[in-house]
Amino acid sequence: MTAYAIAHIRPETMNEEIFHYIEEIQSTMDPFGGSFLVHGAQVEVMEGPFPGTVVVLAFPDIERARAWYASPAYQALIPLRTRHIPGEVILVDGVPPGYDAAKTAARLRDEAGLR
């Protein structure tokens with residue numbers, strides 16, 4: 001099942017370290033089958049405050065997403081970003097093919113004792 005790395009970042013100023021990070025990140029993702037889904041796009045905020053922007057990466061599964069994040073190649077790049085861009089990064093599983101939100105709601109109702 002596809003997994004995602006999602007970063008909510010708040011870039012302040014660009015510099016050589018950030019450019020180097022952007023230039024090198026894809027090479028750290030390639031061995032793990034990672035690809036960009038969202039990068040550098042302007043967000044359209046529909047609800048609540050949302051400073052900054054998002055980056056969304058896709059990996060074939062959560063194990064490869066974790067392995068990419070923990071890899072020596074990516075770990076070496078992280079400080080180039082974190083020294084200059086505040087933000088949060090999460091890894092999350094996607095939903096399987098044929099996912100049905102109504103079935104999830106029913107399960108959650110049962111677990112909450114509301115049926």
# chains A, B, ... in the order shown; residues from 1 in each chain; ligands from 1
>>> residues_around(residues="A:Gln26", least_positions_apart="2", cutoff="12 Å", atoms="only C-alpha atoms", output="ChimeraX atom specification")
/A:20-24,28-36,39,57-58,68,73-74,77
>>> select_by_dssp(residues="stretch 58-98 of chain A", states="alpha helix (DSSP H)", output="number ranges by chain")
A: 62-70, 72-82
>>> residues_around(residues="stretch 78-93 of chain A", least_positions_apart="3", cutoff="10 Å", atoms="only C-alpha atoms", output="JSON, numbers by chain")
{"A": [1, 2, 3, 4, 5, 6, 7, 8, 9, 10, 11, 12, 13, 14, 15, 16, 17, 18, 19, 20, 21, 22, 25, 51, 52, 53, 54, 55, 56, 57, 58, 59, 60, 61, 62, 63, 65, 66, 69, 73, 74, 75, 96]}
>>> atom_distance(atom1="atom CA of A:Ala76", atom2="atom CA of A:Leu37")
22.7 Å
>>> atom_distance(atom1="atom CA of A:Val38", atom2="atom CA of A:Arg64")
18.6 Å
>>> atom_distance(atom1="atom CA of A:Arg115", atom2="atom CA of A:Asp100")
18.7 Å
>>> select_by_dssp(residues="stretch 8-54 of chain A", states="strand (DSSP E or B)", output="number ranges by chain")
A: 8-9, 35-38, 53-54
